[in-house]
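Text of the file work-v3.txt, holding compact mmCIF, C-alpha atoms and all ligand atoms:
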```
# COMPACT_ATOMS: atom_id res chain seq x y z
CA MET A 43 -5.87 7.32 23.07
CA ASP A 44 -2.75 7.75 20.99
CA PRO A 45 -3.85 9.81 17.94
CA THR A 46 -2.37 7.34 15.45
CA GLU A 47 -4.05 4.44 17.27
CA GLU A 48 -7.33 6.26 16.74
CA TRP A 49 -6.59 6.66 13.02
CA TYR A 50 -5.76 2.96 12.65
CA TYR A 51 -8.93 2.08 14.51
CA LYS A 52 -11.05 4.33 12.32
CA THR A 53 -9.31 3.23 9.15
CA PHE A 54 -10.64 -0.29 9.50
CA PHE A 55 -9.31 -2.69 6.96
CA ASP A 56 -9.63 -6.39 6.54
CA CYS A 57 -6.32 -8.04 5.78
CA GLY A 58 -7.66 -11.57 6.33
CA GLU A 59 -9.31 -11.79 2.93
CA PHE A 60 -6.27 -12.19 0.74
CA GLY A 61 -6.91 -14.60 -2.07
CA PHE A 62 -3.33 -15.41 -1.11
CA GLY A 63 -4.39 -16.87 2.23
CA LEU A 64 -4.51 -20.50 1.08
CA SER A 65 -1.04 -20.18 -0.43
CA THR A 66 0.58 -18.79 2.74
CA VAL A 67 3.84 -20.52 3.64
CA PRO A 68 5.64 -20.74 7.02
CA LEU A 69 8.18 -17.94 7.57
CA GLN A 70 11.80 -18.76 8.37
CA PRO A 71 13.08 -17.03 11.55
CA LEU A 72 16.08 -14.69 11.09
CA THR A 73 15.85 -14.67 7.27
CA ASP A 74 12.21 -14.05 6.30
CA CYS A 75 11.89 -11.75 9.35
CA PRO A 76 14.49 -10.04 11.58
CA ALA A 77 15.71 -11.29 14.97
CA ASN A 78 13.24 -9.10 16.89
CA ALA A 79 10.18 -10.59 15.12
CA GLN A 80 7.31 -12.40 16.84
CA PHE A 81 5.57 -15.17 14.87
CA MET A 82 1.92 -16.18 14.70
CA ASP A 83 0.23 -19.28 13.30
CA ALA A 84 -2.84 -19.12 11.07
CA TYR A 85 -5.69 -21.47 10.25
CA TYR A 86 -7.95 -21.82 7.25
CA ALA A 87 -10.88 -24.11 6.46
CA GLY A 88 -9.73 -27.10 4.41
CA GLN A 89 -11.72 -28.81 1.62
CA ASP A 90 -13.61 -30.95 4.18
CA GLY A 91 -14.19 -28.00 6.53
CA THR A 92 -11.58 -29.00 9.10
CA PRO A 93 -9.06 -26.37 10.23
CA VAL A 94 -5.67 -26.47 8.52
CA LYS A 95 -2.77 -24.94 10.45
CA ILE A 96 0.03 -22.86 8.91
CA SER A 97 2.88 -22.42 11.42
CA ASN A 98 4.65 -19.05 11.54
CA ALA A 99 2.23 -17.64 8.94
CA TYR A 100 2.72 -14.04 10.08
CA CYS A 101 5.55 -12.17 11.67
CA ILE A 102 5.34 -8.83 13.44
CA PHE A 103 8.39 -6.70 14.12
CA GLU A 104 9.64 -3.20 14.81
CA ARG A 105 11.60 -1.86 11.87
CA HIS A 106 14.57 0.41 12.56
CA ALA A 107 15.32 1.08 8.90
CA GLY A 108 17.64 4.02 9.50
CA ASN A 109 15.17 6.50 8.01
CA ILE A 110 14.41 9.98 9.35
CA LEU A 111 10.88 10.42 10.70
CA TRP A 112 11.26 14.21 10.86
CA ARG A 113 14.08 16.70 11.28
CA HIS A 114 14.87 20.40 11.18
CA THR A 115 17.99 22.51 11.59
CA GLU A 116 16.97 26.04 12.49
CA VAL A 117 19.55 28.33 10.91
CA THR A 118 17.69 31.65 10.80
CA ILE A 119 18.25 32.65 14.47
CA PRO A 120 21.45 34.76 14.79
CA ASP A 121 24.32 32.98 16.64
CA ILE A 122 22.19 29.92 17.46
CA GLU A 123 21.74 26.69 15.52
CA ILE A 124 19.15 24.23 16.76
CA THR A 125 18.79 20.72 15.35
CA GLU A 126 16.03 18.25 16.20
CA VAL A 127 15.86 14.83 14.54
CA ARG A 128 13.69 11.78 15.19
CA ALA A 129 14.46 8.31 13.85
CA GLU A 130 11.61 6.47 12.22
CA VAL A 131 10.57 3.24 13.95
CA THR A 132 7.66 1.44 12.32
CA LEU A 133 5.66 -1.74 12.92
CA VAL A 134 5.64 -4.32 10.13
CA VAL A 135 3.23 -7.25 9.71
CA ARG A 136 4.52 -9.71 7.09
CA MET A 137 3.31 -12.83 5.31
CA VAL A 138 4.56 -14.73 2.28
CA SER A 139 2.39 -16.53 -0.30
CA THR A 140 3.98 -18.92 -2.74
CA ILE A 141 1.95 -19.43 -5.91
CA GLY A 142 3.63 -21.77 -8.36
CA ASN A 143 7.07 -20.45 -9.24
CA TYR A 144 6.56 -17.06 -7.53
CA ASP A 145 6.81 -15.94 -3.93
CA TYR A 146 4.93 -12.80 -2.91
CA ILE A 147 6.13 -10.99 0.24
CA ILE A 148 3.22 -8.98 1.61
CA ASP A 149 4.06 -6.25 4.15
CA TRP A 150 1.76 -3.93 6.07
CA GLU A 151 3.82 -1.14 7.62
CA PHE A 152 2.31 1.09 10.30
CA LYS A 153 4.13 4.39 10.74
CA PRO A 154 4.11 6.85 13.67
CA SER A 155 2.78 9.47 11.21
CA GLY A 156 -0.44 7.45 10.90
CA SER A 157 0.52 6.36 7.42
CA ILE A 158 -0.12 2.74 6.46
CA LYS A 159 2.19 1.47 3.74
CA MET A 160 1.35 -1.64 1.73
CA GLU A 161 4.24 -3.27 -0.02
CA VAL A 162 4.47 -6.43 -2.09
CA GLY A 163 7.77 -7.99 -3.09
CA LEU A 164 8.02 -10.45 -5.99
CA THR A 165 10.68 -13.12 -5.95
CA GLY A 166 11.07 -16.83 -6.71
CA VAL A 167 12.05 -18.89 -9.70
CA LEU A 168 11.58 -17.44 -13.16
CA GLU A 169 9.32 -19.58 -15.36
CA ILE A 170 11.26 -20.38 -18.49
CA GLY A 171 11.09 -22.46 -21.63
CA ALA A 172 13.95 -24.00 -23.61
CA VAL A 173 14.40 -22.95 -27.23
CA ALA A 174 17.31 -24.73 -28.96
CA ASP A 175 20.40 -23.81 -26.91
CA ASN A 176 18.66 -20.93 -25.13
CA SER A 177 16.29 -20.35 -22.22
CA ILE A 178 13.50 -17.84 -22.67
CA ALA A 179 10.95 -16.22 -20.36
CA VAL A 180 7.95 -14.38 -21.80
CA ASN A 181 6.78 -10.85 -20.96
CA HIS A 182 3.94 -11.11 -18.46
CA ASP A 183 1.96 -9.18 -15.84
CA HIS A 184 1.36 -9.56 -12.11
CA PHE A 185 -1.74 -7.86 -10.70
CA LEU A 186 -2.55 -7.77 -6.99
CA THR A 187 -5.80 -6.28 -5.73
CA TYR A 188 -6.14 -4.95 -2.17
CA HIS A 189 -9.71 -4.90 -0.80
CA LEU A 190 -9.80 -2.11 1.81
CA ASP A 191 -12.85 -1.34 3.93
CA LEU A 192 -12.01 2.22 4.94
CA ASP A 193 -14.43 3.16 7.71
CA VAL A 194 -12.88 6.51 8.63
CA ASP A 195 -14.85 8.05 11.55
CA GLY A 196 -17.75 5.64 11.01
CA GLU A 197 -19.27 3.72 8.12
CA ALA A 198 -20.48 6.62 5.95
CA ASN A 199 -17.57 7.81 3.80
CA SER A 200 -17.06 9.58 0.48
CA PHE A 201 -14.23 9.34 -2.02
CA VAL A 202 -12.69 12.73 -2.87
CA LYS A 203 -10.23 13.16 -5.74
CA ASN A 204 -7.84 16.11 -5.50
CA LYS A 205 -6.66 17.29 -8.90
CA PHE A 206 -3.82 19.70 -9.60
CA VAL A 207 -5.04 22.35 -12.00
CA THR A 208 -3.06 25.07 -13.83
CA LYS A 209 -4.73 28.49 -13.67
CA ARG A 210 -3.88 31.29 -16.09
CA VAL A 211 -3.78 34.85 -14.67
CA THR A 212 -5.93 36.98 -17.02
CA ASP A 213 -6.67 40.16 -15.04
CA LYS A 214 -3.04 41.52 -14.92
CA SER A 215 -3.25 41.77 -11.09
CA THR A 216 0.23 40.24 -10.89
CA PRO A 217 3.23 39.90 -13.25
CA ARG A 218 2.85 36.13 -12.89
CA LYS A 219 1.27 34.33 -15.85
CA SER A 220 -0.06 31.32 -14.02
CA TYR A 221 -0.43 29.50 -10.71
CA TRP A 222 -1.70 26.09 -9.68
CA ASN A 223 -4.56 25.11 -7.49
CA ILE A 224 -6.24 21.99 -6.09
CA VAL A 225 -9.74 21.17 -7.26
CA SER A 226 -11.59 18.61 -5.11
CA GLU A 227 -14.17 16.34 -6.68
CA THR A 228 -16.39 14.05 -4.62
CA ALA A 229 -17.25 10.92 -6.60
CA LYS A 230 -21.01 10.36 -6.79
CA THR A 231 -20.95 6.98 -8.52
CA GLU A 232 -18.57 4.06 -8.94
CA ALA A 233 -17.70 5.22 -12.47
CA ASP A 234 -16.69 8.68 -11.13
CA ALA A 235 -14.23 7.11 -8.69
CA ARG A 236 -12.23 4.95 -11.07
CA LEU A 237 -8.59 5.91 -11.54
CA HIS A 238 -6.73 4.90 -14.63
CA LEU A 239 -3.74 2.55 -14.67
CA GLY A 240 -3.07 2.42 -18.40
CA PRO A 241 -3.04 -1.28 -19.45
CA LEU A 242 -0.67 -2.28 -22.17
CA LEU A 243 -2.98 -4.78 -23.84
CA LEU A 244 -5.78 -3.96 -26.28
CA GLU A 245 -9.27 -3.96 -24.77
CA ASP A 246 -10.49 -6.76 -27.07
CA ASP A 247 -7.56 -9.03 -26.20
CA TYR A 248 -8.56 -12.11 -24.19
CA PRO A 249 -6.40 -11.64 -21.05
CA GLN A 250 -7.60 -8.00 -20.89
CA ILE A 251 -11.27 -9.06 -21.19
CA ARG A 252 -10.72 -11.67 -18.46
CA GLY A 253 -8.87 -9.21 -16.20
CA ALA A 254 -10.92 -6.12 -17.09
CA PHE A 255 -10.54 -4.80 -13.50
CA THR A 256 -6.88 -4.02 -14.31
CA LYS A 257 -7.96 -1.16 -16.59
CA TYR A 258 -8.24 1.03 -13.48
CA ASN A 259 -6.02 0.80 -10.41
CA VAL A 260 -8.62 2.33 -8.09
CA TRP A 261 -12.25 1.26 -7.82
CA ILE A 262 -14.69 2.37 -5.11
CA THR A 263 -17.82 0.28 -4.50
CA PRO A 264 -20.48 0.11 -1.78
CA TYR A 265 -19.63 -2.46 0.90
CA ASN A 266 -21.07 -5.87 0.12
CA LYS A 267 -19.73 -8.86 2.03
CA SER A 268 -20.30 -11.23 -0.90
CA GLU A 269 -18.22 -9.17 -3.36
CA LYS A 270 -14.66 -10.46 -3.38
CA TRP A 271 -13.35 -9.18 -6.71
CA ALA A 272 -12.82 -5.68 -8.11
CA GLY A 273 -15.18 -4.32 -10.76
CA GLY A 274 -18.11 -1.95 -10.44
CA GLN A 275 -21.79 -1.64 -11.36
CA ASN A 276 -21.95 2.17 -11.16
CA ARG A 277 -23.96 2.31 -7.94
CA GLU A 278 -24.15 5.45 -5.74
CA ILE A 279 -21.13 5.75 -3.43
CA GLN A 280 -21.39 9.20 -1.85
CA ASN A 281 -21.69 9.18 1.96
CA LYS A 282 -21.99 5.39 2.03
CA ASP A 283 -20.15 2.46 3.58
CA ILE A 284 -17.61 2.18 0.77
CA VAL A 285 -14.66 -0.08 0.02
CA LEU A 286 -11.56 0.77 -1.98
CA TRP A 287 -9.99 -1.74 -4.38
CA TYR A 288 -6.40 -0.91 -5.16
CA THR A 289 -4.68 -2.89 -7.90
CA ILE A 290 -0.89 -2.94 -8.07
CA GLY A 291 0.40 -3.99 -11.46
CA PHE A 292 3.84 -5.19 -12.49
CA HIS A 293 4.64 -5.42 -16.20
CA HIS A 294 7.48 -7.89 -16.03
CA ASN A 295 9.98 -7.89 -18.86
CA PRO A 296 12.31 -10.70 -17.69
CA CYS A 297 16.05 -10.16 -17.89
CA GLN A 298 19.13 -12.37 -17.42
CA GLU A 299 19.54 -11.21 -13.81
CA ASP A 300 16.13 -12.75 -13.00
CA PHE A 301 17.48 -16.20 -13.93
CA PRO A 302 17.24 -18.57 -12.21
CA MET A 303 16.31 -16.84 -8.89
CA MET A 304 14.72 -13.46 -9.15
CA PRO A 305 15.97 -10.82 -6.68
CA THR A 306 12.98 -9.23 -4.92
CA LEU A 307 11.17 -6.55 -6.95
CA SER A 308 8.85 -4.37 -4.85
CA GLY A 309 5.83 -2.17 -5.44
CA GLY A 310 3.23 -0.64 -3.18
CA PHE A 311 1.14 2.28 -2.07
CA GLU A 312 0.54 4.34 1.07
CA LEU A 313 -2.60 5.41 2.90
CA ARG A 314 -1.68 8.77 4.39
CA PRO A 315 -4.03 10.69 6.70
CA THR A 316 -4.89 14.08 5.20
CA ASN A 317 -6.57 16.71 7.42
CA PHE A 318 -7.63 13.94 9.79
CA PHE A 319 -5.46 15.01 12.76
CA GLU A 320 -5.48 18.50 14.27
CA SER A 321 -1.70 18.68 13.91
CA SER A 322 1.32 16.52 13.16
CA PRO A 323 0.93 13.22 15.05
CA VAL A 324 4.72 12.71 15.29
CA LEU A 325 5.47 15.59 17.70
CA LYS A 326 5.25 13.23 20.69
CA VAL A 327 7.91 10.87 19.29
CA ARG A 328 10.96 10.98 21.56
CA THR A 329 14.54 10.97 20.51
CA ILE A 330 16.49 7.75 21.12
CA PRO A 331 19.10 8.33 23.90
CA HIS A 332 22.60 7.49 22.59
CA LYS A 333 23.42 5.36 25.65
CA HIS A 334 20.64 2.92 24.68
CA VAL A 335 22.04 2.19 21.25
CA ASN A 336 23.80 -1.17 20.92
CA TRP A 337 25.91 -1.14 17.81
CA PRO A 338 26.31 -4.59 16.22
CU CU B 1 7.10 -11.82 -13.25
```
Please render this file's structure as structure tokens.
Amino acid sequence: MDPTEEWYYKTFFDCGEFGFGLSTVPLQPLTDCPANAQFMDAYYAGQDGTPVKISNAYCIFERHAGNILWRHTEVTIPDIEITEVRAEVTLVVRMVSTIGNYDYIIDWEFKPSGSIKMEVGLTGVLEIGAVADNSIAVNHDHFLTYHLDLDVDGEANSFVKNKFVTKRVTDKSTPRKSYWNIVSETAKTEADARLHLGPLLLEDDYPQIRGAFTKYNVWITPYNKSEKWAGGQNREIQNKDIVLWYTIGFHHNPCQEDFPMMPTLSGGFELRPTNFFESSPVLKVRTIPHKHVNWP
């Protein structure tokens, strides 16, 4: 098995549970997705239980973004210079959900390094009000929560936080005054695992009470099929079947360039394997022969 395939298999995630699912819109070939994309339909259960079809709900394509996967020029050998470069080719799965005036472009990008990158792009029509001769748009937030069931090497998993810590040298063993180190902490309970986002609103303000999950951008909870929304109860999470809730927040201060159509604004995060593989999983990636390149 390809080592990255194994990682994807072990890093099981459920991308079918977007609250966005019902708002999925058909993708337009050649503009929503590139010419090399394949499209798939999707179905959801309608109000009366009958299946409702969304044509071209997903697209899947190889992305040749022009990025470097890895490279090195070896300059330390006398009289010889060796250069090896590999272009990055990734696999992207895309869907778009339109909710009111906004369109959310949701990408899952699978990289040869084993990294899985989640990206969401915000675009659409800015919601505005008219005040005398002017148009105004209010400051607002967008929060998107990803519900990730990370079963790495089986169901039992733990959440480990790696913190960078400054250490002062006190024993005069070296002229250096300090160094830095990594201190690993395994979260025992849900409260231990929360990571802070830093909300702008006061805690007793009504939108903040309603969206209290946005106070932290990472929550870890034990797997429970019926739980669909972020927010913990401080249960034990060490060596358990755990799920990770990642909340991406956008504090949107509208500007004139967002009116009337907002150019796509993107945010995201990356799941990167760390000490999972024995060595770099990209060594097997071949270079693209020049004769196979068709310039447009
Ligand atoms: Cu906005």
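The closest residue to Ile284 of chain A, picked from A:Pro249, A:Pro264, A:Gly166, A:Gly196 and counting all atoms listed in the file, is A:Pro264.
Among the candidates A:Ile124, A:Ile279, A:Val207, A:Cys101, the one nearest to Asp149 of chain A when counting all atoms listed in the file is A:Cys101.
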One decimal, in Å: what's the spacing between atom CA of Asp193 of chain A and atom CA of Phe62 of chain A?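 Atom-to-atom, atom CA of Asp193 of chain A to atom CA of Phe62 of chain A, that is 23.4 Å.
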Residues of chain A that have any atom at most 7 Å from an atom of ligand CU 1 (chain B): could you tabulate them with the shortest-distance atom pair and the distance in Å to one decimal, using only C-alpha atoms and all ligand atoms, ordered by chain and increasing number, as a tab-separated table?
```
residue	atom	partner	partner_atom	distance
A:His182	CA	B:CU1	CU	6.1
A:Asp183	CA	B:CU1	CU	6.3
A:His184	CA	B:CU1	CU	6.3
A:His294	CA	B:CU1	CU	4.8
A:Pro296	CA	B:CU1	CU	6.9
```
Let's have the selection written as an mmCIF file, in the frame of the given file, with C-alpha atoms.
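So the final result, stored in part_6.cif, reads:
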```cif
data_model
loop_
_atom_site.group_PDB
_atom_site.id
_atom_site.type_symbol
_atom_site.label_atom_id
_atom_site.label_comp_id
_atom_site.auth_asym_id
_atom_site.auth_seq_id
_atom_site.Cartn_x
_atom_site.Cartn_y
_atom_site.Cartn_z
ATOM 1 C CA HIS A 182 3.940 -11.110 -18.460
ATOM 2 C CA ASP A 183 1.960 -9.180 -15.840
ATOM 3 C CA HIS A 184 1.360 -9.560 -12.110
ATOM 4 C CA HIS A 294 7.480 -7.890 -16.030
ATOM 5 C CA PRO A 296 12.310 -10.700 -17.690
#
```
Give me, please, the distance in Å between atom CA of Leu325 of chain A and atom CA of Trp112 of chain A, quoted to one decimal.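 Calculated distance between atom CA of Leu325 of chain A and atom CA of Trp112 of chain A is 9.1 Å.
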Among listed residues A:Leu186, A:Val180, A:Ala129, A:Met303, nearest Val162 of chain A (using only C-alpha atoms):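 Among the listed residues, A:Leu186 lies closest to Val162 of chain A.
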Restricting the calculation to only C-alpha atoms, which member of A:Ile290, A:Asn295, A:Lys282, A:Ala87 is positioned closest to Glu197 of chain A?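 Checking each candidate against Glu197 of chain A, we get A:Lys282 as the closest.
Note that atom CA of Tyr265 of chain A and atom CA of Thr228 of chain A are 17.7 Å apart.
Non-sequential neighbours of Ala233 of chain A (distance at most 12 Å, separation of 6 or more positions within a chain, only C-alpha atoms) are Phe201, Tyr258, Val260, Trp261, Ile262, Thr263, Gly273, Gly274, Gln275, Asn276, Arg277, Glu278, Ile279 and Gln280 of chain A.
For Phe255 of chain A, the residues within 6 Å (counting all atoms listed in the file, excluding itself and residues fewer than 2 positions away along the chain) are Gly253, Lys257, Ala272 and Gly273 of chain A.
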Show which residues sit within 12 Å of Glu227 of chain A, as JSON, numbers by chain. Count only C-alpha atoms, and ignore same-chain residues fewer than 4 positions away. {"A": [200, 201, 202, 203, 204, 205, 206, 231, 234, 235, 280]}
Write out as a PDB file with C-alpha atoms, in the frame of the given file which residues come within 7 Å of Arg210 of chain A when counting all atoms listed in the file, dropping same-chain ones fewer than 2 positions away.
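Generated file (out-v2.pdb):
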```pdb
ATOM      1  CA  THR A 208      -3.060  25.070 -13.830  1.00  0.00           C
ATOM      2  CA  THR A 212      -5.930  36.980 -17.020  1.00  0.00           C
ATOM      3  CA  LYS A 219       1.270  34.330 -15.850  1.00  0.00           C
ATOM      4  CA  SER A 220      -0.060  31.320 -14.020  1.00  0.00           C
ATOM      5  CA  TYR A 221      -0.430  29.500 -10.710  1.00  0.00           C
TER       6      TYR A 221
END
```
Counting only C-alpha atoms, which residues have an atom no more than 9 Å from (0.6, 2.3, 0.6) in the file's coordinates? Please list them as a PyMOL selection string. chain A and resi 150-151+157-161+310-314
Within 7 Å of His189 of chain A, counting all atoms listed in the file, which residues show up once you throw out same-chain ones fewer than 3 positions away? Write them as a ChimeraX atom specification, please. /A:285-288
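The smallest atom-to-atom distance between Ala198 of chain A and any of A:Asn281, A:Arg252, A:Tyr146, A:Trp222, using only C-alpha atoms, is found for A:Asn281.
Within 12 Å of the point (14.0, -7.8, 22.7) in file coordinates, and counting all atoms listed in the file, lie the residues Pro76, Ala77, Asn78, Ala79, Gln80, Phe103, Glu104 and Asn336 of chain A.
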Restrict the selected residues to C-alpha atoms and save them as a tab-separated table (two decimals), in the frame of the given file.
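Writing the result to out_7.tsv gives the following:
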```tsv
chain	number	residue	atom	x	y	z
A	76	PRO	CA	14.49	-10.04	11.58
A	77	ALA	CA	15.71	-11.29	14.97
A	78	ASN	CA	13.24	-9.10	16.89
A	79	ALA	CA	10.18	-10.59	15.12
A	80	GLN	CA	7.31	-12.40	16.84
A	103	PHE	CA	8.39	-6.70	14.12
A	104	GLU	CA	9.64	-3.20	14.81
A	336	ASN	CA	23.80	-1.17	20.92
```
